[in-house]
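Below: one structure, written as structure tokens.
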Amino acid sequence: MMHSQSTTFSLLLLCLLPFSGRPATTVGDDDVAAHQANAVAPAGTVQLNSGLGGSYYVDKKLVEQFQSLKKRVREIKDEIAAGNSSSELALKQLEEIEVESAKVRLAIEASKKFVAAFTAYSVSETTSFPLADSRRIIVRGDNVTIRGWEGPGIKTVIEKIILAKEKPPASEFAEIHVRHEVSVAESLVGRTPAQRAADEREFLETPRGKDMTIEQLEARRLFLDKLFGSYQRYADFQGKAVNNLSVVGLDHREGNRQLTMRISSAEGGGSLSSQWQRHAAVTIYVPPCEHLMVAGCQVKLDIQGVKGNLLLTTQESRNRDYAGRFEVRQIDGNVSVDQAPVRLLDEISGDVEITATDEFV
């Protein structure tokens, strides 16, 4: 395993894991103070959206102007539905509103100001791993950016981000890293048919198995067929040692904590929000391979230029973003989608199979 430091990164993804409860620990006053911060927004502004460690604020008049345009669009639609406006007139009005809206959006983007309650400190690291003999790779994560490259091996570029009032020690950044191992991912992909058959023969030799009636044995067979049938899509990964990659250090059980941010307005009022203290931006570069699986897939998918068969599944998903970007491009192989909310498939050389029984709207 090689480790090398890098000060630059590209094609990054933001890994945000869901909050699933606080650990039962005693928190001192100093610790509480370190995880809370206040800031003041400029006069005459309103909150636009959140960023790492704070929020973006924009001139209140621009927001009101944009909201007025949106209201006018709704009124035109109501006039069309009521038969009080011709299609030609309505389209002309909507085109004019769109032009004006574009100008307002540009003005908002150009004038927005970031109000920071915490500072975002970052360290970048590049790590490489040899490709497993099976030429199979599993990437676990809901927020995934993957690029194909010629190698050698697998390369990960991770920017470790920590929100704090003062720069954290190097040991804190070290808690965030890409975990890699070459192993059989049995808990995810299941066992091979031969292994399951051996398990069943062993069970039938036990006292419990020998006591089962013909009807019970048939019911058991039907149950197991249904249970293991869902693992059939992972057959290419079963019983094989593969590259397993995931990001460590972003879950609360791994030391991540929630920060509380209060941003006050000069005119009174304000906002109170929370964010994770640790974040990571990661890109995984994969060489030509036999099979690549991404398990999670429900926050962001940005996959391009992979040479090999691609399988996308929502197994092991921990979070989701209904407004996320889900695009797969330039895959030299087959693509199989198991419930993953892919919005765009482009330049796929092989077959495409999509299983989509879950609603994602």
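As shown in the structure tokens, the chain order sets the letters A, B, ...; within each chain, residues go from 1, and ligands are also counted from 1 in the order they appear.
Backbone DSSP assigns alpha helix (DSSP H) in region 136-216 of chain A to Ala170, Ser171, Glu172, Phe173, Ala174, Glu186, Ser187, Leu188, Val189, Pro193, Ala194, Gln195, Arg196, Ala197, Ala198, Asp199, Glu200, Arg201, Glu202, Phe203, Leu204, Pro207, Arg208, Gly209, Lys210, Ile214, Glu215 and Gln216 of chain A.
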Quick one: everything within 12 Å of Asn143 (chain A), counting only C-alpha atoms, minus sequence neighbours fewer than 3 positions away in the same chain. Send it as a ChimeraX atom specification. /A:12-18,139-140,146,246-247,279-284,294-303,314,317-321,324-327,340
Applying 12 Å and only C-alpha atoms, which residues near region 102-106 of chain A remain after dropping the ones on its own chain fewer than 3 positions away? List them as JSON, numbers by chain. {"A": [48, 58, 59, 61, 62, 63, 64, 65, 66, 67, 68, 69, 70, 95, 96, 97, 98, 99, 109, 110, 111, 112]}
Would you return as number ranges by chain the members of region 41-160 of chain A that DSSP assigns to strand (DSSP E) on this structure's backbone? A: 45-51, 54-59, 113-116, 119-129, 136-148, 154-160
Using only C-alpha atoms, which of the listed residues (A:Leu311, A:Ile214, A:Ile176, A:Leu224) sits closest to Asp251 (chain A)? A:Ile176
Who sits within 6 Å of region 150-159 of chain A, only C-alpha atoms, same chain under 3 positions skipped, as a PyMOL selection string: chain A and resi 123-131+280-287
Convert the current residue selection to file output with all heavy atoms, as a short mmCIF file (atom, residue, chain, number, x, y, z; two decimals), in the first residue's frame.
data_model
loop_
_atom_site.label_atom_id
_atom_site.label_comp_id
_atom_site.auth_asym_id
_atom_site.auth_seq_id
_atom_site.Cartn_x
_atom_site.Cartn_y
_atom_site.Cartn_z
N VAL A 123 -7.20 19.06 4.54
CA VAL A 123 -5.94 18.39 4.20
C VAL A 123 -6.24 17.41 3.09
O VAL A 123 -7.24 16.69 3.13
CB VAL A 123 -5.33 17.66 5.41
CG1 VAL A 123 -4.13 16.82 4.98
CG2 VAL A 123 -4.92 18.64 6.49
N SER A 124 -5.40 17.36 2.06
CA SER A 124 -5.62 16.46 0.93
C SER A 124 -4.62 15.31 0.96
O SER A 124 -3.46 15.49 1.33
CB SER A 124 -5.48 17.23 -0.39
OG SER A 124 -5.80 16.41 -1.49
N GLU A 125 -5.10 14.13 0.58
CA GLU A 125 -4.24 12.94 0.60
C GLU A 125 -4.56 12.05 -0.59
O GLU A 125 -5.73 11.84 -0.92
CB GLU A 125 -4.44 12.17 1.90
CG GLU A 125 -3.57 10.94 2.05
CD GLU A 125 -3.83 10.22 3.35
OE1 GLU A 125 -4.88 9.56 3.46
OE2 GLU A 125 -3.00 10.34 4.27
N THR A 126 -3.52 11.52 -1.21
CA THR A 126 -3.67 10.58 -2.32
C THR A 126 -3.13 9.22 -1.91
O THR A 126 -2.04 9.12 -1.35
CB THR A 126 -2.92 11.07 -3.57
OG1 THR A 126 -3.46 12.32 -3.98
CG2 THR A 126 -3.06 10.06 -4.71
N THR A 127 -3.93 8.17 -2.15
CA THR A 127 -3.54 6.81 -1.77
C THR A 127 -3.76 5.88 -2.95
O THR A 127 -4.71 6.05 -3.72
CB THR A 127 -4.37 6.32 -0.57
OG1 THR A 127 -4.34 7.30 0.46
CG2 THR A 127 -3.82 5.01 -0.04
N SER A 128 -2.90 4.88 -3.10
CA SER A 128 -3.02 3.92 -4.18
C SER A 128 -3.06 2.50 -3.65
O SER A 128 -2.43 2.18 -2.63
CB SER A 128 -1.84 4.07 -5.17
OG SER A 128 -1.83 5.35 -5.76
N PHE A 129 -3.79 1.63 -4.36
CA PHE A 129 -3.90 0.22 -3.99
C PHE A 129 -3.79 -0.63 -5.25
O PHE A 129 -4.31 -0.25 -6.31
CB PHE A 129 -5.26 -0.08 -3.34
CG PHE A 129 -5.65 0.88 -2.26
CD1 PHE A 129 -6.56 1.89 -2.52
CD2 PHE A 129 -5.11 0.79 -0.99
CE1 PHE A 129 -6.94 2.78 -1.54
CE2 PHE A 129 -5.47 1.68 0.01
CZ PHE A 129 -6.39 2.68 -0.26
N PRO A 130 -3.13 -1.79 -5.19
CA PRO A 130 -3.10 -2.68 -6.36
C PRO A 130 -4.47 -3.30 -6.60
O PRO A 130 -5.24 -3.53 -5.66
CB PRO A 130 -2.07 -3.74 -5.97
CG PRO A 130 -2.06 -3.73 -4.47
CD PRO A 130 -2.35 -2.32 -4.05
N LEU A 131 -4.78 -3.57 -7.85
CA LEU A 131 -6.04 -4.22 -8.19
C LEU A 131 -5.99 -5.69 -7.79
O LEU A 131 -4.98 -6.37 -8.01
CB LEU A 131 -6.28 -4.11 -9.71
CG LEU A 131 -7.58 -4.67 -10.25
CD1 LEU A 131 -8.79 -3.93 -9.68
CD2 LEU A 131 -7.59 -4.60 -11.79
N ALA A 280 -15.81 14.82 3.89
CA ALA A 280 -14.74 14.33 3.02
C ALA A 280 -15.17 14.45 1.57
O ALA A 280 -16.32 14.20 1.23
CB ALA A 280 -14.40 12.87 3.33
N ALA A 281 -14.24 14.89 0.74
CA ALA A 281 -14.47 14.95 -0.70
C ALA A 281 -13.53 13.93 -1.34
O ALA A 281 -12.31 14.02 -1.19
CB ALA A 281 -14.19 16.35 -1.22
N VAL A 282 -14.10 12.95 -2.04
CA VAL A 282 -13.30 11.83 -2.54
C VAL A 282 -13.59 11.54 -3.99
O VAL A 282 -14.74 11.56 -4.43
CB VAL A 282 -13.58 10.54 -1.73
CG1 VAL A 282 -12.66 9.41 -2.19
CG2 VAL A 282 -13.40 10.79 -0.25
N THR A 283 -12.54 11.28 -4.74
CA THR A 283 -12.68 10.75 -6.10
C THR A 283 -11.90 9.44 -6.16
O THR A 283 -10.77 9.36 -5.67
CB THR A 283 -12.14 11.72 -7.15
OG1 THR A 283 -12.91 12.92 -7.12
CG2 THR A 283 -12.24 11.11 -8.54
N ILE A 284 -12.52 8.41 -6.76
CA ILE A 284 -11.87 7.11 -6.90
C ILE A 284 -11.59 6.87 -8.38
O ILE A 284 -12.50 6.94 -9.21
CB ILE A 284 -12.76 5.99 -6.33
CG1 ILE A 284 -13.00 6.24 -4.83
CG2 ILE A 284 -12.10 4.62 -6.55
CD1 ILE A 284 -13.98 5.26 -4.22
N TYR A 285 -10.34 6.59 -8.69
CA TYR A 285 -9.91 6.30 -10.05
C TYR A 285 -9.72 4.79 -10.18
O TYR A 285 -8.92 4.20 -9.44
CB TYR A 285 -8.62 7.04 -10.38
CG TYR A 285 -8.75 8.55 -10.34
CD1 TYR A 285 -8.59 9.25 -9.15
CD2 TYR A 285 -9.04 9.26 -11.50
CE1 TYR A 285 -8.72 10.63 -9.11
CE2 TYR A 285 -9.17 10.65 -11.47
CZ TYR A 285 -9.01 11.32 -10.27
OH TYR A 285 -9.15 12.68 -10.22
N VAL A 286 -10.44 4.18 -11.11
CA VAL A 286 -10.37 2.72 -11.24
C VAL A 286 -9.78 2.34 -12.60
O VAL A 286 -10.11 2.93 -13.62
CB VAL A 286 -11.77 2.08 -11.07
CG1 VAL A 286 -12.35 2.39 -9.71
CG2 VAL A 286 -12.74 2.55 -12.15
N PRO A 287 -8.88 1.35 -12.62
CA PRO A 287 -8.28 0.88 -13.87
C PRO A 287 -9.25 -0.07 -14.58
O PRO A 287 -10.30 -0.41 -14.04
CB PRO A 287 -7.05 0.13 -13.38
CG PRO A 287 -7.48 -0.44 -12.06
CD PRO A 287 -8.39 0.60 -11.45
#
I want to know what sits within 10 Å of Tyr234 (chain A), based on only C-alpha atoms, with residues of the same chain fewer than 5 positions away left out; could you give that as a list in words?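 Near neighbours after the sequence-gap exclusion: Leu188, Val189, Gly190, Arg191, Thr192, Met293, Leu311 and Thr313 of chain A.
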What is the CA of Lys240 (chain A) to CA of Glu200 (chain A) distance in Å?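 Calculated distance between CA of Lys240 (chain A) and CA of Glu200 (chain A) is 20.8 Å.
Residue nearest Val115 (chain A), chosen from A:Met212, A:Ile137, A:Ile263, A:Ala82 and counting only C-alpha atoms: A:Ile263.
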Might you pull out every residue within 12 Å of Pro42 (chain A), with only C-alpha atoms counted and same-chain residues fewer than 5 positions away left off, and present them as a ChimeraX atom specification? /A:47,55-60,111-116,263-268,270
Pick from A:Asp332, A:Glu75, A:Glu202, A:Glu316, whichever lies nearest to Glu290 (chain A) using only C-alpha atoms: A:Asp332
Take CA of Ala241 (chain A) and CA of Arg147 (chain A) and report the distance between them in Å, one decimal. 22.2 Å
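Atom pair CA of Gly148 (chain A) / CA of Ile331 (chain A): separated by 8.9 Å.
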Would you mind listing what lies within 8 Å of Asn334 (chain A) as a list in words, with only C-alpha atoms counted and same-chain residues fewer than 2 positions away left out? Gly308, Asn309, Leu310, Ile331, Asp332, Ser336, Ile348, Ser349, Gly350, Asp351 and Val352 of chain A
Of the candidates A:Gly269, A:Gly255, A:Ser230, A:Leu292, which shows the shortest atom-to-atom distance to Ala43 (chain A), using only C-alpha atoms?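 For Ala43 (chain A), the nearest of the candidates is A:Gly269.
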